[in-house]
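Asks: Just so it is clear, I am handing over start-v5.pdb, which has PDB, C-alpha atoms, pLDDT in the B column.
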ATOM      1  CA  MET V   1     -22.185  -3.514 -12.559  1.00 43.00           C
ATOM      2  CA  THR V   2     -24.737  -5.146 -10.312  1.00 41.00           C
ATOM      3  CA  VAL V   3     -25.235  -8.803  -9.644  1.00 45.00           C
ATOM      4  CA  THR V   4     -28.615  -8.642 -11.371  1.00 41.00           C
ATOM      5  CA  GLU V   5     -26.914  -7.342 -14.549  1.00 40.00           C
ATOM      6  CA  ARG V   6     -24.680 -10.410 -14.754  1.00 42.00           C
ATOM      7  CA  LYS V   7     -25.578 -12.972 -17.353  1.00 42.00           C
ATOM      8  CA  ASP V   8     -27.028 -16.259 -16.176  1.00 41.00           C
ATOM      9  CA  LEU V   9     -24.444 -18.816 -15.130  1.00 38.00           C
ATOM     10  CA  ASN V  10     -24.838 -21.540 -17.668  1.00 40.00           C
ATOM     11  CA  ARG V  11     -22.488 -24.298 -18.728  1.00 40.00           C
ATOM     12  CA  GLU V  12     -20.629 -22.028 -21.121  1.00 41.00           C
ATOM     13  CA  THR V  13     -19.774 -19.454 -18.447  1.00 48.00           C
ATOM     14  CA  LEU V  14     -18.594 -22.231 -16.134  1.00 60.00           C
ATOM     15  CA  ASN V  15     -16.146 -23.441 -18.762  1.00 81.00           C
ATOM     16  CA  TYR V  16     -13.202 -22.517 -16.584  1.00 87.00           C
ATOM     17  CA  LYS V  17     -11.113 -23.943 -13.777  1.00 91.00           C
ATOM     18  CA  VAL V  18      -9.989 -22.316 -10.551  1.00 93.00           C
ATOM     19  CA  ILE V  19      -6.856 -22.804  -8.485  1.00 94.00           C
ATOM     20  CA  GLY V  20      -6.644 -21.292  -5.010  1.00 95.00           C
ATOM     21  CA  ILE V  21      -3.231 -20.001  -3.948  1.00 96.00           C
ATOM     22  CA  VAL V  22      -1.761 -19.180  -0.560  1.00 96.00           C
ATOM     23  CA  SER V  23       1.042 -16.629  -0.746  1.00 96.00           C
ATOM     24  CA  THR V  24       2.378 -13.899   1.521  1.00 94.00           C
ATOM     25  CA  PHE V  25       3.562 -11.894  -1.493  1.00 95.00           C
ATOM     26  CA  LYS V  26       1.805  -8.913  -3.057  1.00 94.00           C
ATOM     27  CA  GLU V  27      -0.344  -9.303  -6.156  1.00 94.00           C
ATOM     28  CA  TYR V  28       2.233  -7.898  -8.605  1.00 95.00           C
ATOM     29  CA  LYS V  29       4.927 -10.290  -7.304  1.00 96.00           C
ATOM     30  CA  VAL V  30       2.621 -13.309  -7.548  1.00 96.00           C
ATOM     31  CA  ALA V  31       1.742 -12.275 -11.112  1.00 96.00           C
ATOM     32  CA  TRP V  32       5.413 -11.884 -12.022  1.00 97.00           C
ATOM     33  CA  HIS V  33       6.162 -15.417 -10.824  1.00 96.00           C
ATOM     34  CA  LEU V  34       3.155 -16.833 -12.682  1.00 96.00           C
ATOM     35  CA  ASN V  35       4.338 -15.061 -15.830  1.00 96.00           C
ATOM     36  CA  GLN V  36       7.729 -16.726 -15.473  1.00 95.00           C
ATOM     37  CA  LEU V  37       6.366 -20.190 -14.680  1.00 94.00           C
ATOM     38  CA  PHE V  38       3.802 -20.340 -17.470  1.00 92.00           C
ATOM     39  CA  ASP V  39       5.333 -18.020 -20.078  1.00 93.00           C
ATOM     40  CA  ILE V  40       2.383 -15.624 -19.993  1.00 94.00           C
ATOM     41  CA  ASN V  41       1.979 -11.862 -19.533  1.00 95.00           C
ATOM     42  CA  LEU V  42      -0.604 -11.058 -16.858  1.00 96.00           C
ATOM     43  CA  ILE V  43      -1.483  -7.360 -17.013  1.00 95.00           C
ATOM     44  CA  LYS V  44      -3.185  -5.349 -14.263  1.00 94.00           C
ATOM     45  CA  LYS V  45      -6.719  -4.333 -15.148  1.00 92.00           C
ATOM     46  CA  LYS V  46      -8.947  -1.694 -13.613  1.00 91.00           C
ATOM     47  CA  ASP V  47     -10.553  -2.947 -10.399  1.00 86.00           C
ATOM     48  CA  GLU V  48     -14.001  -4.340 -11.049  1.00 85.00           C
ATOM     49  CA  GLU V  49     -16.766  -2.832  -8.921  1.00 83.00           C
ATOM     50  CA  VAL V  50     -19.681  -5.097  -8.128  1.00 82.00           C
ATOM     51  CA  ARG V  51     -22.832  -3.948  -6.371  1.00 80.00           C
ATOM     52  CA  LEU V  52     -24.205  -6.787  -4.301  1.00 76.00           C
ATOM     53  CA  VAL V  53     -27.862  -7.499  -3.613  1.00 75.00           C
ATOM     54  CA  ASN V  54     -27.580  -5.835  -0.183  1.00 74.00           C
ATOM     55  CA  SER V  55     -26.455  -2.622  -2.004  1.00 73.00           C
ATOM     56  CA  SER V  56     -22.880  -2.848  -0.758  1.00 79.00           C
ATOM     57  CA  VAL V  57     -20.105  -2.412  -3.319  1.00 82.00           C
ATOM     58  CA  ILE V  58     -16.961  -4.504  -3.524  1.00 85.00           C
ATOM     59  CA  LYS V  59     -13.832  -3.840  -5.575  1.00 86.00           C
ATOM     60  CA  ILE V  60     -12.147  -6.851  -7.122  1.00 87.00           C
ATOM     61  CA  SER V  61      -8.476  -6.552  -8.049  1.00 88.00           C
ATOM     62  CA  PHE V  62      -7.242  -8.727 -10.906  1.00 92.00           C
ATOM     63  CA  LEU V  63      -4.692  -9.231 -13.682  1.00 94.00           C
ATOM     64  CA  GLU V  64      -5.478 -10.843 -17.002  1.00 95.00           C
ATOM     65  CA  PHE V  65      -3.865 -12.419 -20.052  1.00 95.00           C
ATOM     66  CA  LYS V  66      -5.754 -13.403 -23.214  1.00 92.00           C
ATOM     67  CA  ILE V  67      -4.617 -15.175 -26.320  1.00 88.00           C
ATOM     68  CA  GLY V  68      -7.403 -15.826 -28.800  1.00 86.00           C
ATOM     69  CA  LYS V  69     -10.313 -17.436 -26.963  1.00 85.00           C
ATOM     70  CA  ARG V  70      -8.056 -18.680 -24.183  1.00 88.00           C
ATOM     71  CA  HIS V  71      -7.669 -16.587 -21.042  1.00 91.00           C
ATOM     72  CA  ILE V  72      -6.200 -16.628 -17.558  1.00 93.00           C
ATOM     73  CA  LYS V  73      -6.793 -14.290 -14.608  1.00 94.00           C
ATOM     74  CA  LEU V  74      -5.210 -13.763 -11.234  1.00 96.00           C
ATOM     75  CA  ILE V  75      -7.831 -12.480  -8.793  1.00 94.00           C
ATOM     76  CA  SER V  76      -7.130 -11.337  -5.259  1.00 93.00           C
ATOM     77  CA  ASN V  77      -9.349 -12.899  -2.622  1.00 92.00           C
ATOM     78  CA  LYS V  78      -8.667  -9.922  -0.338  1.00 89.00           C
ATOM     79  CA  LEU V  79     -11.070  -7.065  -0.992  1.00 87.00           C
ATOM     80  CA  LYS V  80     -10.184  -3.382  -0.970  1.00 76.00           C
ATOM     81  CA  LYS V  81     -12.214  -0.916   1.105  1.00 71.00           C
ATOM     82  CA  SER V  82     -15.129  -3.236   1.712  1.00 70.00           C
ATOM     83  CA  SER V  83     -17.250  -4.376   4.616  1.00 69.00           C
ATOM     84  CA  LYS V  84     -16.416  -7.893   3.452  1.00 77.00           C
ATOM     85  CA  SER V  85     -12.800  -9.023   3.857  1.00 84.00           C
ATOM     86  CA  ASN V  86     -12.761 -11.798   1.239  1.00 86.00           C
ATOM     87  CA  LEU V  87     -14.219 -12.148  -2.223  1.00 89.00           C
ATOM     88  CA  ILE V  88     -15.115 -15.781  -1.543  1.00 89.00           C
ATOM     89  CA  SER V  89     -15.666 -15.978   2.216  1.00 87.00           C
ATOM     90  CA  SER V  90     -15.901 -19.763   2.277  1.00 89.00           C
ATOM     91  CA  LEU V  91     -12.366 -19.901   0.824  1.00 91.00           C
ATOM     92  CA  SER V  92     -10.796 -17.279   3.080  1.00 90.00           C
ATOM     93  CA  ASN V  93      -7.678 -19.422   3.504  1.00 94.00           C
ATOM     94  CA  PHE V  94      -6.712 -18.610  -0.110  1.00 95.00           C
ATOM     95  CA  ASP V  95      -5.065 -15.275  -0.921  1.00 95.00           C
ATOM     96  CA  PHE V  96      -5.508 -15.471  -4.705  1.00 96.00           C
ATOM     97  CA  PHE V  97      -7.344 -17.400  -7.392  1.00 95.00           C
ATOM     98  CA  ILE V  98      -6.026 -18.372 -10.790  1.00 94.00           C
ATOM     99  CA  ILE V  99      -8.979 -18.656 -13.130  1.00 93.00           C
ATOM    100  CA  PHE V 100      -8.367 -20.037 -16.603  1.00 92.00           C
ATOM    101  CA  SER V 101     -10.286 -21.407 -19.549  1.00 89.00           C
ATOM    102  CA  LYS V 102     -10.272 -25.178 -19.679  1.00 85.00           C
ATOM    103  CA  ASN V 103      -8.282 -25.123 -22.911  1.00 83.00           C
ATOM    104  CA  PHE V 104      -5.659 -22.617 -21.726  1.00 88.00           C
ATOM    105  CA  PHE V 105      -2.893 -25.049 -20.763  1.00 84.00           C
ATOM    106  CA  GLU V 106      -1.629 -27.749 -23.075  1.00 82.00           C
ATOM    107  CA  PHE V 107      -0.569 -30.012 -20.213  1.00 79.00           C
ATOM    108  CA  LYS V 108      -2.392 -31.939 -17.496  1.00 81.00           C
ATOM    109  CA  ASP V 109      -3.971 -30.297 -14.443  1.00 81.00           C
ATOM    110  CA  TYR V 110      -1.575 -31.919 -11.986  1.00 83.00           C
ATOM    111  CA  ASP V 111       1.340 -30.415 -13.953  1.00 90.00           C
ATOM    112  CA  ILE V 112       0.025 -26.933 -13.165  1.00 92.00           C
ATOM    113  CA  ILE V 113       0.113 -27.634  -9.422  1.00 92.00           C
ATOM    114  CA  ASP V 114       3.547 -29.280  -9.750  1.00 92.00           C
ATOM    115  CA  ARG V 115       4.915 -26.148 -11.446  1.00 92.00           C
ATOM    116  CA  LEU V 116       3.491 -23.944  -8.722  1.00 93.00           C
ATOM    117  CA  LYS V 117       5.107 -26.143  -6.068  1.00 92.00           C
ATOM    118  CA  THR V 118       8.548 -25.542  -7.616  1.00 93.00           C
ATOM    119  CA  ASN V 119       8.335 -21.854  -6.667  1.00 93.00           C
ATOM    120  CA  ASN V 120       8.652 -20.725  -3.025  1.00 92.00           C
ATOM    121  CA  THR V 121       6.312 -17.805  -3.690  1.00 93.00           C
ATOM    122  CA  PHE V 122       3.399 -20.201  -3.354  1.00 95.00           C
ATOM    123  CA  GLN V 123       2.975 -21.869   0.040  1.00 95.00           C
ATOM    124  CA  PHE V 124      -0.012 -23.874  -1.160  1.00 95.00           C
ATOM    125  CA  ALA V 125      -2.047 -24.318  -4.342  1.00 95.00           C
ATOM    126  CA  ASN V 126      -4.978 -26.552  -5.138  1.00 94.00           C
ATOM    127  CA  PHE V 127      -7.949 -26.785  -7.471  1.00 94.00           C
ATOM    128  CA  VAL V 128     -11.260 -25.412  -6.224  1.00 92.00           C
ATOM    129  CA  ASP V 129     -14.531 -27.165  -7.027  1.00 90.00           C
ATOM    130  CA  ILE V 130     -16.509 -24.185  -8.305  1.00 85.00           C
ATOM    131  CA  ASN V 131     -19.726 -26.200  -8.433  1.00 85.00           C
ATOM    132  CA  LYS V 132     -19.759 -26.237  -4.619  1.00 86.00           C
ATOM    133  CA  LEU V 133     -19.463 -22.444  -4.274  1.00 83.00           C
ATOM    134  CA  LYS V 134     -22.646 -20.480  -3.715  1.00 80.00           C
ATOM    135  CA  ASP V 135     -20.958 -17.192  -4.706  1.00 78.00           C
ATOM    136  CA  LYS V 136     -19.127 -18.495  -7.803  1.00 77.00           C
ATOM    137  CA  TYR V 137     -20.633 -15.651  -9.841  1.00 76.00           C
ATOM    138  CA  LEU V 138     -17.990 -13.381  -8.271  1.00 76.00           C
ATOM    139  CA  LEU V 139     -15.281 -15.375 -10.034  1.00 78.00           C
ATOM    140  CA  SER V 140     -16.807 -14.915 -13.485  1.00 72.00           C
ATOM    141  CA  LEU V 141     -15.691 -11.340 -14.136  1.00 58.00           C
TER     142      LEU V 141
END
Using structure tokens, write down the structure that the file contains.
Replies:
Amino acid sequence: MTVTERKDLNRETLNYKVIGIVSTFKEYKVAWHLNQLFDINLIKKKDEEVRLVNSSVIKISFLEFKIGKRHIKLISNKLKKSSKSNLISSLSNFDFFIIFSKNFFEFKDYDIIDRLKTNNTFQFANFVDINKLKDKYLLSL
């Protein structure tokens, strides 16, 4: 898939929220803890390959869980075999992103962060303002 093949980012495609996570654990361990905390079942998907405008290719590692029209993804900010080290360079302090549809959780946003804080796997977690990201298209797999 190339960036030019992506659909236009309109309001509907930005109908999601993003939480940045700092964790020293591996992706599968982070996913396991998220599954326990939120009673979900994140499943590893095939790495997404994206060809950037400069013709370089990046591989994005992620896990996903869908239930009806609601979805949640865990995306690694660390890229595999790429000239770029982070998916979102301006947020290089985050190791992972949790991306979820706005209607995924039945509780308030601050409750999500509070749950994450109860688990030592996560050193830090906070919401990311996606409207301020110039490369937000990379989060809309």
Asks: Taking the file as shown, find all residues satisfying the PyMOL selection byres ((chain V and resi 73) around 12) and write them as a ChimeraX atom specification.
Replies: /V:16-20,27,30-31,34-35,40-45,60-67,70-72,74-76,96-101,104,139-141
Asks: Mind dumping the selected residues with C-alpha atoms as a tab-separated table (two decimals), in the coordinates of the input?
Replies:
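As a result, again_31.tsv now contains:
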chain	number	residue	atom	x	y	z
V	16	TYR	CA	-13.20	-22.52	-16.58
V	17	LYS	CA	-11.11	-23.94	-13.78
V	18	VAL	CA	-9.99	-22.32	-10.55
V	19	ILE	CA	-6.86	-22.80	-8.48
V	20	GLY	CA	-6.64	-21.29	-5.01
V	27	GLU	CA	-0.34	-9.30	-6.16
V	30	VAL	CA	2.62	-13.31	-7.55
V	31	ALA	CA	1.74	-12.28	-11.11
V	34	LEU	CA	3.16	-16.83	-12.68
V	35	ASN	CA	4.34	-15.06	-15.83
V	40	ILE	CA	2.38	-15.62	-19.99
V	41	ASN	CA	1.98	-11.86	-19.53
V	42	LEU	CA	-0.60	-11.06	-16.86
V	43	ILE	CA	-1.48	-7.36	-17.01
V	44	LYS	CA	-3.18	-5.35	-14.26
V	45	LYS	CA	-6.72	-4.33	-15.15
V	60	ILE	CA	-12.15	-6.85	-7.12
V	61	SER	CA	-8.48	-6.55	-8.05
V	62	PHE	CA	-7.24	-8.73	-10.91
V	63	LEU	CA	-4.69	-9.23	-13.68
V	64	GLU	CA	-5.48	-10.84	-17.00
V	65	PHE	CA	-3.86	-12.42	-20.05
V	66	LYS	CA	-5.75	-13.40	-23.21
V	67	ILE	CA	-4.62	-15.18	-26.32
V	70	ARG	CA	-8.06	-18.68	-24.18
V	71	HIS	CA	-7.67	-16.59	-21.04
V	72	ILE	CA	-6.20	-16.63	-17.56
V	74	LEU	CA	-5.21	-13.76	-11.23
V	75	ILE	CA	-7.83	-12.48	-8.79
V	76	SER	CA	-7.13	-11.34	-5.26
V	96	PHE	CA	-5.51	-15.47	-4.70
V	97	PHE	CA	-7.34	-17.40	-7.39
V	98	ILE	CA	-6.03	-18.37	-10.79
V	99	ILE	CA	-8.98	-18.66	-13.13
V	100	PHE	CA	-8.37	-20.04	-16.60
V	101	SER	CA	-10.29	-21.41	-19.55
V	104	PHE	CA	-5.66	-22.62	-21.73
V	139	LEU	CA	-15.28	-15.38	-10.03
V	140	SER	CA	-16.81	-14.92	-13.48
V	141	LEU	CA	-15.69	-11.34	-14.14
Asks: So that all listed atoms of region 29-46 of chain V fit with 5 Å spare on each side, what axis-aligned box centre and edge lengths in Å, to one decimal, would you give as lines of an AutoDock Vina configuration file?
Replies:
center_x = -0.6
center_y = -11.0
center_z = -13.7
size_x = 26.7
size_y = 28.6
size_z = 22.8
Asks: Do you know which residues the PyMOL selection byres ((chain V and resi 115) around 12) returns on this file, as a compact mmCIF listing (two decimals) with C-alpha atoms, in the coordinates of the input?
Replies:
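Contents of the output file part.txt:
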# COMPACT_ATOMS: atom_id res chain seq x y z
CA HIS V 33 6.16 -15.42 -10.82
CA LEU V 34 3.16 -16.83 -12.68
CA ASN V 35 4.34 -15.06 -15.83
CA GLN V 36 7.73 -16.73 -15.47
CA LEU V 37 6.37 -20.19 -14.68
CA PHE V 38 3.80 -20.34 -17.47
CA ASP V 39 5.33 -18.02 -20.08
CA PHE V 107 -0.57 -30.01 -20.21
CA LYS V 108 -2.39 -31.94 -17.50
CA ASP V 109 -3.97 -30.30 -14.44
CA TYR V 110 -1.58 -31.92 -11.99
CA ASP V 111 1.34 -30.42 -13.95
CA ILE V 112 0.02 -26.93 -13.16
CA ILE V 113 0.11 -27.63 -9.42
CA ASP V 114 3.55 -29.28 -9.75
CA LEU V 116 3.49 -23.94 -8.72
CA LYS V 117 5.11 -26.14 -6.07
CA THR V 118 8.55 -25.54 -7.62
CA ASN V 119 8.34 -21.85 -6.67
CA ASN V 120 8.65 -20.72 -3.02
CA THR V 121 6.31 -17.80 -3.69
CA PHE V 122 3.40 -20.20 -3.35
CA PHE V 124 -0.01 -23.87 -1.16
CA ALA V 125 -2.05 -24.32 -4.34
CA ASN V 126 -4.98 -26.55 -5.14
Asks: Could you check the closest approach to Ser82 (chain V) for each of V:Lys69, V:Lys102, V:Lys59, V:Asp95 and tell me which residue wins, using only C-alpha atoms?
Replies: V:Lys59
Asks: Return the single residue from V:Leu52, V:Ser85, V:Ile21, V:Ser92 that is closest to Tyr137 (chain V), with distances computed using only C-alpha atoms.
Replies: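 The shortest atom-to-atom distance to Tyr137 (chain V) comes from V:Leu52.
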Asks: For Val50 (chain V), which of V:Asn103, V:Asn15, V:Leu87, V:Leu133 is the closest residue, counting all atoms listed in the file?
Replies: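 That would be V:Leu87, the residue with the smallest distance to Val50 (chain V).
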Asks: I'd like to know which of V:Asn131, V:Leu138, V:Asp47, V:Lys26 is closest to Asn86 (chain V), using all atoms listed in the file.
Replies: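 Of V:Asn131, V:Leu138, V:Asp47, V:Lys26, the one nearest Asn86 (chain V) is V:Leu138, counting all atoms listed in the file.
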Asks: One number please: CA of Thr24 (chain V) to CA of Phe94 (chain V), in Å, one decimal.
Replies: 10.4 Å
